[in-house]
file my_file_6.txt (compact mmCIF, C-alpha atoms)
# COMPACT_ATOMS: atom_id res chain seq x y z
CA MET A 1 108.09 107.03 80.37
CA PRO A 2 106.11 107.66 83.57
CA ARG A 3 102.51 106.50 83.66
CA PHE A 4 100.19 109.51 83.38
CA ALA A 5 96.65 109.85 84.73
CA ALA A 6 94.29 112.61 83.61
CA ASN A 7 92.85 114.70 86.44
CA LEU A 8 89.20 115.04 85.46
CA SER A 9 88.51 117.83 87.92
CA MET A 10 90.82 120.13 85.96
CA LEU A 11 91.09 118.67 82.46
CA TYR A 12 88.38 118.45 79.78
CA ASN A 13 86.17 121.03 81.47
CA GLU A 14 84.39 121.73 78.19
CA HIS A 15 82.56 118.46 78.93
CA ALA A 16 80.20 117.44 81.71
CA PHE A 17 82.08 115.42 84.32
CA LEU A 18 80.84 111.99 83.27
CA ASP A 19 81.77 112.72 79.65
CA ARG A 20 85.38 113.52 80.56
CA PHE A 21 86.21 109.82 80.89
CA ALA A 22 85.64 109.32 77.16
CA ALA A 23 87.65 112.42 76.32
CA ALA A 24 90.61 111.28 78.41
CA ALA A 25 90.56 107.81 76.87
CA ALA A 26 90.38 109.30 73.36
CA ASP A 27 93.60 111.20 74.06
CA GLY A 28 95.35 108.03 75.16
CA PHE A 29 95.28 108.34 78.93
CA PRO A 30 95.12 104.89 80.55
CA ALA A 31 94.03 106.18 83.96
CA VAL A 32 92.19 109.00 85.70
CA GLU A 33 92.06 110.81 89.02
CA TYR A 34 89.89 113.67 90.31
CA LEU A 35 88.99 115.44 93.51
CA PHE A 36 85.66 113.92 94.56
CA PRO A 37 83.27 111.31 93.14
CA TYR A 38 80.45 111.75 95.65
CA ALA A 39 78.04 113.75 93.47
CA PHE A 40 77.64 110.64 91.30
CA GLU A 41 76.69 107.04 91.92
CA ALA A 42 79.73 104.81 92.18
CA ALA A 43 78.15 102.31 89.79
CA GLU A 44 77.80 104.98 87.09
CA ILE A 45 81.45 106.02 87.41
CA ALA A 46 82.48 102.37 87.35
CA ARG A 47 80.58 101.95 84.06
CA ARG A 48 82.45 104.89 82.56
CA LEU A 49 85.79 103.47 83.66
CA ALA A 50 85.04 100.02 82.30
CA GLY A 51 83.49 101.33 79.10
CA HIS A 52 86.60 103.32 78.22
CA GLY A 53 89.24 100.94 79.55
CA LEU A 54 90.39 103.34 82.26
CA GLN A 55 91.90 102.71 85.67
CA GLN A 56 90.91 104.84 88.65
CA VAL A 57 94.10 105.64 90.54
CA LEU A 58 93.19 108.35 93.07
CA PHE A 59 90.45 110.51 94.56
CA ASN A 60 89.97 112.45 97.79
CA ALA A 61 88.05 111.56 100.92
CA PRO A 62 85.20 113.97 101.76
CA PRO A 63 86.75 117.34 102.73
CA GLY A 64 84.04 118.83 104.93
CA ASP A 65 82.04 121.70 103.43
CA TRP A 66 84.07 122.40 100.29
CA ASP A 67 81.68 125.05 98.98
CA ALA A 68 82.00 126.96 102.26
CA GLY A 69 85.79 126.94 101.96
CA GLU A 70 86.75 123.89 104.00
CA ARG A 71 89.73 121.99 102.62
CA GLY A 72 89.68 118.81 104.67
CA ILE A 73 88.92 118.08 108.31
CA ALA A 74 91.59 115.55 109.33
CA CYS A 75 93.42 117.99 111.61
CA LEU A 76 90.33 119.66 113.10
CA PRO A 77 89.51 118.92 116.76
CA GLY A 78 85.92 117.90 117.35
CA ARG A 79 85.37 116.63 113.80
CA GLU A 80 86.71 113.11 114.33
CA ALA A 81 83.35 111.35 113.98
CA GLU A 82 82.62 113.25 110.77
CA PHE A 83 86.06 112.34 109.47
CA ARG A 84 85.49 108.66 110.15
CA ASP A 85 82.08 108.65 108.49
CA GLY A 86 83.49 110.39 105.43
CA PHE A 87 86.46 108.09 105.15
CA ALA A 88 84.23 105.03 105.39
CA ARG A 89 82.26 106.44 102.47
CA ALA A 90 85.48 106.97 100.55
CA LEU A 91 86.45 103.33 101.08
CA ASP A 92 83.07 102.24 99.73
CA TYR A 93 83.72 104.23 96.56
CA ALA A 94 87.28 102.94 96.33
CA GLN A 95 85.98 99.38 96.46
CA ALA A 96 83.37 100.03 93.78
CA LEU A 97 85.84 101.81 91.50
CA GLY A 98 88.83 99.55 92.06
CA CYS A 99 90.82 102.56 93.26
CA PRO A 100 93.92 101.72 95.31
CA ARG A 101 94.52 105.19 96.86
CA VAL A 102 92.51 107.74 98.81
CA HIS A 103 93.92 111.18 99.53
CA VAL A 104 93.02 112.64 102.94
CA MET A 105 93.10 116.44 103.06
CA ALA A 106 94.44 117.84 106.33
CA GLY A 107 92.36 121.01 106.45
CA LEU A 108 92.98 124.68 107.20
CA ALA A 109 94.55 125.35 110.58
CA PRO A 110 91.98 127.25 112.70
CA GLN A 111 93.01 130.44 114.42
CA GLY A 112 93.78 130.18 118.11
CA VAL A 113 94.45 126.43 118.21
CA GLU A 114 97.98 125.28 118.96
CA ARG A 115 99.68 123.34 116.21
CA ALA A 116 100.53 120.53 118.60
CA GLN A 117 96.84 119.91 119.19
CA LEU A 118 96.10 119.91 115.47
CA GLN A 119 99.04 117.57 114.89
CA ALA A 120 97.75 115.10 117.46
CA VAL A 121 94.27 115.06 115.93
CA TYR A 122 95.72 114.75 112.43
CA GLU A 123 97.99 111.85 113.28
CA GLY A 124 95.24 110.09 115.23
CA ASN A 125 92.86 110.33 112.30
CA LEU A 126 95.52 109.19 109.84
CA ALA A 127 96.48 106.18 111.95
CA TRP A 128 92.83 105.16 112.21
CA ALA A 129 92.24 105.68 108.47
CA ALA A 130 95.36 103.71 107.54
CA GLY A 131 94.12 100.80 109.62
CA GLN A 132 90.71 100.87 107.96
CA ALA A 133 92.28 101.19 104.52
CA ALA A 134 94.72 98.33 105.13
CA ALA A 135 91.82 96.02 105.92
CA ALA A 136 90.28 97.06 102.59
CA GLY A 137 93.53 96.74 100.62
CA ARG A 138 93.88 100.50 100.03
CA ALA A 139 96.48 103.17 100.70
CA VAL A 140 95.98 106.54 102.39
CA LEU A 141 97.85 109.53 100.97
CA ILE A 142 98.68 112.92 102.46
CA GLU A 143 99.76 115.87 100.31
CA PRO A 144 101.71 119.00 101.18
CA ILE A 145 99.97 121.96 99.50
CA ASN A 146 101.49 125.38 98.92
CA PRO A 147 100.15 128.25 101.05
CA ARG A 148 99.83 130.59 98.08
CA ASP A 149 97.09 128.51 96.48
CA MET A 150 95.62 127.37 99.78
CA PRO A 151 96.45 129.83 102.59
CA GLY A 152 96.40 128.29 106.04
CA TYR A 153 96.61 124.67 104.89
CA PHE A 154 98.05 122.55 107.68
CA LEU A 155 100.61 120.58 105.66
CA ASN A 156 103.01 122.43 103.34
CA ARG A 157 106.37 120.64 103.17
CA GLN A 158 107.66 117.29 101.97
CA ASP A 159 109.83 116.71 105.03
CA GLU A 160 106.82 117.34 107.32
CA ALA A 161 104.74 114.80 105.42
CA HIS A 162 107.48 112.18 105.51
CA ARG A 163 108.00 112.68 109.25
CA ILE A 164 104.30 112.05 109.84
CA VAL A 165 104.31 108.92 107.68
CA GLN A 166 107.38 107.62 109.48
CA ALA A 167 105.97 108.42 112.92
CA ILE A 168 102.73 106.52 112.25
CA GLY A 169 104.69 103.70 110.69
CA THR A 170 102.12 101.88 108.58
CA ALA A 171 103.17 100.85 105.09
CA ASN A 172 99.91 101.95 103.45
CA LEU A 173 100.18 105.56 104.66
CA GLN A 174 102.15 107.43 101.98
CA VAL A 175 102.95 110.87 100.61
CA GLN A 176 101.40 112.40 97.52
CA PHE A 177 104.21 114.49 96.00
CA ASP A 178 102.83 117.24 93.76
CA LEU A 179 105.81 118.75 91.98
CA TYR A 180 103.90 122.00 91.41
CA HIS A 181 103.35 122.55 95.13
CA GLY A 182 106.85 121.33 95.91
CA GLN A 183 108.48 123.81 93.53
CA ILE A 184 106.54 126.75 94.97
CA VAL A 185 107.29 125.90 98.60
CA GLU A 186 110.76 124.37 98.44
CA GLY A 187 112.18 123.98 94.93
CA ASP A 188 114.94 121.46 94.22
CA VAL A 189 112.31 118.97 93.05
CA ALA A 190 114.71 116.75 91.09
CA MET A 191 116.76 116.09 94.20
CA LYS A 192 113.61 115.50 96.22
CA LEU A 193 112.52 112.88 93.69
CA ARG A 194 115.90 111.22 94.12
CA GLN A 195 115.64 111.48 97.89
CA TYR A 196 112.07 110.32 98.45
CA LEU A 197 111.06 107.88 95.69
CA PRO A 198 113.49 105.18 96.89
CA THR A 199 112.06 105.30 100.43
CA GLY A 200 108.81 103.60 99.41
CA ARG A 201 106.88 106.40 101.12
CA VAL A 202 105.76 108.16 97.93
CA GLY A 203 102.50 106.73 96.67
CA HIS A 204 101.66 109.16 93.88
CA LEU A 205 103.07 112.11 91.92
CA GLN A 206 101.27 115.07 90.38
CA ILE A 207 102.43 117.70 87.91
CA ALA A 208 101.58 121.17 86.63
CA GLY A 209 103.51 124.09 85.20
CA VAL A 210 104.81 126.68 87.64
CA PRO A 211 103.73 129.38 88.37
CA MET A 212 100.38 129.45 86.53
CA ARG A 213 99.40 125.79 86.97
CA HIS A 214 98.97 125.28 83.25
CA GLU A 215 100.44 122.51 81.08
CA PRO A 216 103.74 121.16 82.39
CA ASP A 217 105.66 122.54 79.39
CA LEU A 218 104.62 126.09 80.32
CA GLY A 219 106.64 127.67 83.07
CA GLU A 220 109.87 127.40 84.99
CA LEU A 221 110.10 123.63 85.55
CA ASN A 222 111.87 121.46 82.96
CA TYR A 223 109.50 118.51 83.00
CA ALA A 224 111.24 116.67 80.16
CA TYR A 225 114.25 116.46 82.46
CA LEU A 226 112.11 115.58 85.50
CA PHE A 227 110.40 112.76 83.61
CA ASP A 228 113.85 111.35 82.87
CA VAL A 229 114.69 111.59 86.56
CA ILE A 230 111.48 109.75 87.48
CA ASP A 231 112.31 107.03 84.94
CA GLU A 232 115.89 106.72 86.17
CA VAL A 233 115.01 106.55 89.86
CA SER A 234 112.04 104.27 89.27
CA ALA A 235 114.20 101.82 87.35
CA ALA A 236 116.70 101.76 90.18
CA CYS A 237 114.28 101.46 93.11
CA GLY A 238 111.22 99.79 91.55
CA TRP A 239 108.77 102.68 92.07
CA GLN A 240 105.65 101.94 90.02
CA GLY A 241 103.30 104.81 90.84
CA TRP A 242 101.28 107.12 88.64
CA VAL A 243 101.79 110.75 87.69
CA GLY A 244 98.56 112.72 87.92
CA CYS A 245 98.11 115.59 85.46
CA GLU A 246 96.51 118.10 87.82
CA TYR A 247 96.74 121.32 85.84
CA ARG A 248 94.44 123.92 84.31
CA PRO A 249 94.64 123.96 80.51
CA ALA A 250 95.98 127.32 79.34
CA ARG A 251 93.16 127.63 76.81
CA GLY A 252 90.56 127.01 79.48
CA ALA A 253 87.27 125.17 79.02
CA VAL A 254 87.00 125.71 75.28
CA THR A 255 86.36 122.86 72.88
CA GLY A 256 89.62 120.98 72.45
CA GLY A 257 91.40 123.12 75.01
CA THR A 258 92.83 120.17 76.92
CA SER A 259 93.62 118.05 73.87
CA ASP A 260 95.36 120.87 72.04
CA GLY A 261 97.68 121.35 75.01
CA LEU A 262 98.92 117.76 75.12
CA GLY A 263 102.01 118.33 73.02
CA TRP A 264 104.09 117.70 76.13
CA LEU A 265 102.51 114.23 76.48
CA ARG A 266 103.07 113.39 72.84
CA ARG A 267 106.72 114.40 73.14
CA ALA A 268 107.14 112.37 76.32
CA SER A 269 105.56 109.34 74.63
CA ALA A 270 107.89 109.64 71.66
CA ALA A 271 111.03 110.06 73.76

call {"tool": "encode", "arguments": {"input": "my_file_6.txt", "output": "structure tokens"}}
result
Amino acid sequence: MPRFAANLSMLYNEHAFLDRFAAAAADGFPAVEYLFPYAFEAAEIARRLAGHGLQQVLFNAPPGDWDAGERGIACLPGREAEFRDGFARALDYAQALGCPRVHVMAGLAPQGVERAQLQAVYEGNLAWAAGQAAAAGRAVLIEPINPRDMPGYFLNRQDEAHRIVQAIGTANLQVQFDLYHGQIVEGDVAMKLRQYLPTGRVGHLQIAGVPMRHEPDLGELNYAYLFDVIDEVSAACGWQGWVGCEYRPARGAVTGGTSDGLGWLRRASAA
């Protein structure tokens, strides 16, 4: 069975953020991920992780002004110094939390700027970040995101992400393959798992049901089959990553809403 991590930005929203660690552990998750830790002291999050026997497997570098609609700044000309300051802060948190991976969001492509210029800024920032992360023993991840959920996002396709990783050529720069985004943009996710997991360029997987981004057993993707594919390919190539559960519970932020929707996890565990 794949190793599953609860995404605390989306799951257990009936609880305050710091109380979601206990809720995830109570449901049997061994690990967690989330978008951003920066509203909380790293030491307090570390206490929650240790107190509930959880591993931190992923979070995002600062994305710019999230509340104003920014979704990363890595591709934005003129924001390089801000990017570097934010990534340094992310590495500090990663060290304190024992987190091996930091996701760098590309950002929304600004109107009137040629893609080639954005690409050059993006790759320059990623190469710098990968160097900093390597010195700290961390990996940098980039994630293609579908343009329906995030219109204008710079990076949308798996092949684009893999070309960037190959062009930069550092082992600790990897792709975060979210099967939900991949199905919406490209489909054929089982074959993409077979294609990309053996390359060593995939650092993390994420899941959600398509199209509503609810539990993985709701929607058009057959996740029971995909979990078998992940197991099969992982056994053959030695992939040992995590699968982040980045979905919105169908029952919403009601008491027990996340826990009641974990039938898919119980079935996967029993398989």

call {"tool": "atom_distance", "arguments": {"input": "my_file_6.txt", "atom1": "CA of Val113 (chain A)", "atom2": "CA of Arg89 (chain A)"}}
result
28.2 Å

call {"tool": "atom_distance", "arguments": {"input": "my_file_6.txt", "atom1": "CA of Ala25 (chain A)", "atom2": "CA of His52 (chain A)"}}
result
6.1 Å

call {"tool": "atom_distance", "arguments": {"input": "my_file_6.txt", "atom1": "CA of Ala81 (chain A)", "atom2": "CA of Ala167 (chain A)"}}
result
22.8 Å

call {"tool": "closest_residue", "arguments": {"input": "my_file_6.txt", "among": "A:Leu197, A:Val202, A:Ala116, A:Ala23", "to": "Ile142 (chain A)", "atoms": "all atoms listed in the file"}}
result
A:Val202

call {"tool": "closest_residue", "arguments": {"input": "my_file_6.txt", "among": "A:Gly152, A:Ile145, A:Gln55, A:Ala139", "to": "Arg115 (chain A)", "atoms": "all atoms listed in the file"}}
result
A:Gly152

call {"tool": "closest_residue", "arguments": {"input": "my_file_6.txt", "among": "A:Ala68, A:Ala129, A:Ile184, A:Leu155", "to": "Ile168 (chain A)", "atoms": "all atoms listed in the file"}}
result
A:Ala129

call {"tool": "closest_residue", "arguments": {"input": "my_file_6.txt", "among": "A:Val185, A:Ala5, A:Ala88, A:Cys237", "to": "Leu54 (chain A)", "atoms": "all atoms listed in the file"}}
result
A:Ala5

call {"tool": "build_atoms", "arguments": {"input": "my_file_6.txt", "residues": "region 11-22 of chain A", "atoms": "all heavy atoms", "output": "tab-separated table (two decimals), in the coordinates of the input"}}
result
chain	number	residue	atom	x	y	z
A	11	LEU	N	91.01	118.83	83.90
A	11	LEU	CA	91.09	118.67	82.46
A	11	LEU	C	89.72	118.41	81.85
A	11	LEU	O	88.81	117.93	82.53
A	11	LEU	CB	92.03	117.51	82.11
A	11	LEU	CG	93.46	117.59	82.67
A	11	LEU	CD1	94.30	116.42	82.14
A	11	LEU	CD2	94.13	118.91	82.35
A	12	TYR	N	89.59	118.73	80.57
A	12	TYR	CA	88.38	118.45	79.78
A	12	TYR	C	87.14	119.13	80.35
A	12	TYR	O	86.03	118.60	80.29
A	12	TYR	CB	88.16	116.94	79.67
A	12	TYR	CG	89.34	116.22	79.07
A	12	TYR	CD1	90.19	115.45	79.86
A	12	TYR	CD2	89.63	116.33	77.72
A	12	TYR	CE1	91.29	114.81	79.33
A	12	TYR	CE2	90.73	115.67	77.17
A	12	TYR	CZ	91.56	114.93	77.98
A	12	TYR	OH	92.65	114.29	77.43
A	13	ASN	N	87.30	120.35	80.85
A	13	ASN	CA	86.17	121.03	81.47
A	13	ASN	C	85.16	121.58	80.47
A	13	ASN	O	84.14	122.15	80.88
A	13	ASN	CB	86.67	122.13	82.40
A	13	ASN	CG	87.02	121.60	83.77
A	13	ASN	OD1	86.15	121.30	84.57
A	13	ASN	ND2	88.31	121.46	84.03
A	14	GLU	N	85.42	121.41	79.17
A	14	GLU	CA	84.39	121.73	78.19
A	14	GLU	C	83.28	120.68	78.18
A	14	GLU	O	82.23	120.88	77.58
A	14	GLU	CB	84.99	121.87	76.79
A	14	GLU	CG	85.51	120.59	76.16
A	14	GLU	CD	86.99	120.34	76.44
A	14	GLU	OE1	87.44	120.65	77.57
A	14	GLU	OE2	87.68	119.82	75.54
A	15	HIS	N	83.53	119.56	78.86
A	15	HIS	CA	82.56	118.46	78.93
A	15	HIS	C	81.96	118.36	80.33
A	15	HIS	O	82.60	118.73	81.33
A	15	HIS	CB	83.25	117.12	78.62
A	15	HIS	CG	83.90	117.06	77.28
A	15	HIS	ND1	83.18	117.04	76.10
A	15	HIS	CD2	85.22	117.00	76.92
A	15	HIS	CE1	84.02	116.97	75.08
A	15	HIS	NE2	85.26	116.95	75.55
A	16	ALA	N	80.75	117.83	80.42
A	16	ALA	CA	80.20	117.44	81.71
A	16	ALA	C	81.10	116.37	82.32
A	16	ALA	O	81.77	115.61	81.60
A	16	ALA	CB	78.78	116.91	81.54
A	17	PHE	N	81.11	116.29	83.65
A	17	PHE	CA	82.08	115.42	84.32
A	17	PHE	C	82.06	113.99	83.79
A	17	PHE	O	83.11	113.41	83.49
A	17	PHE	CB	81.82	115.41	85.83
A	17	PHE	CG	82.75	114.50	86.59
A	17	PHE	CD1	84.07	114.84	86.81
A	17	PHE	CD2	82.29	113.28	87.06
A	17	PHE	CE1	84.93	113.99	87.49
A	17	PHE	CE2	83.14	112.42	87.75
A	17	PHE	CZ	84.47	112.77	87.96
A	18	LEU	N	80.89	113.39	83.67
A	18	LEU	CA	80.84	111.99	83.27
A	18	LEU	C	81.27	111.77	81.82
A	18	LEU	O	81.60	110.64	81.44
A	18	LEU	CB	79.43	111.43	83.49
A	18	LEU	CG	79.02	111.25	84.96
A	18	LEU	CD1	77.56	110.79	85.05
A	18	LEU	CD2	79.93	110.26	85.67
A	19	ASP	N	81.30	112.84	81.03
A	19	ASP	CA	81.77	112.72	79.65
A	19	ASP	C	83.28	112.91	79.54
A	19	ASP	O	83.85	112.69	78.46
A	19	ASP	CB	81.06	113.76	78.77
A	19	ASP	CG	79.57	113.50	78.65
A	19	ASP	OD1	79.18	112.32	78.73
A	19	ASP	OD2	78.81	114.47	78.51
A	20	ARG	N	83.93	113.30	80.61
A	20	ARG	CA	85.38	113.52	80.56
A	20	ARG	C	86.15	112.21	80.49
A	20	ARG	O	87.29	112.18	80.03
A	20	ARG	CB	85.82	114.34	81.77
A	20	ARG	CG	85.23	115.73	81.77
A	20	ARG	CD	85.54	116.50	83.05
A	20	ARG	NE	84.66	117.66	83.17
A	20	ARG	CZ	84.57	118.44	84.22
A	20	ARG	NH1	85.35	118.19	85.29
A	20	ARG	NH2	83.75	119.47	84.25
A	21	PHE	N	85.54	111.12	80.96
A	21	PHE	CA	86.21	109.82	80.89
A	21	PHE	C	86.47	109.44	79.43
A	21	PHE	O	87.58	109.01	79.08
A	21	PHE	CB	85.36	108.75	81.57
A	21	PHE	CG	85.22	108.95	83.05
A	21	PHE	CD1	84.25	109.81	83.57
A	21	PHE	CD2	86.05	108.29	83.94
A	21	PHE	CE1	84.13	110.00	84.94
A	21	PHE	CE2	85.94	108.47	85.31
A	21	PHE	CZ	84.97	109.33	85.81
A	22	ALA	N	85.48	109.62	78.58
A	22	ALA	CA	85.64	109.32	77.16
A	22	ALA	C	86.69	110.21	76.53
A	22	ALA	O	87.50	109.76	75.70
A	22	ALA	CB	84.31	109.47	76.44
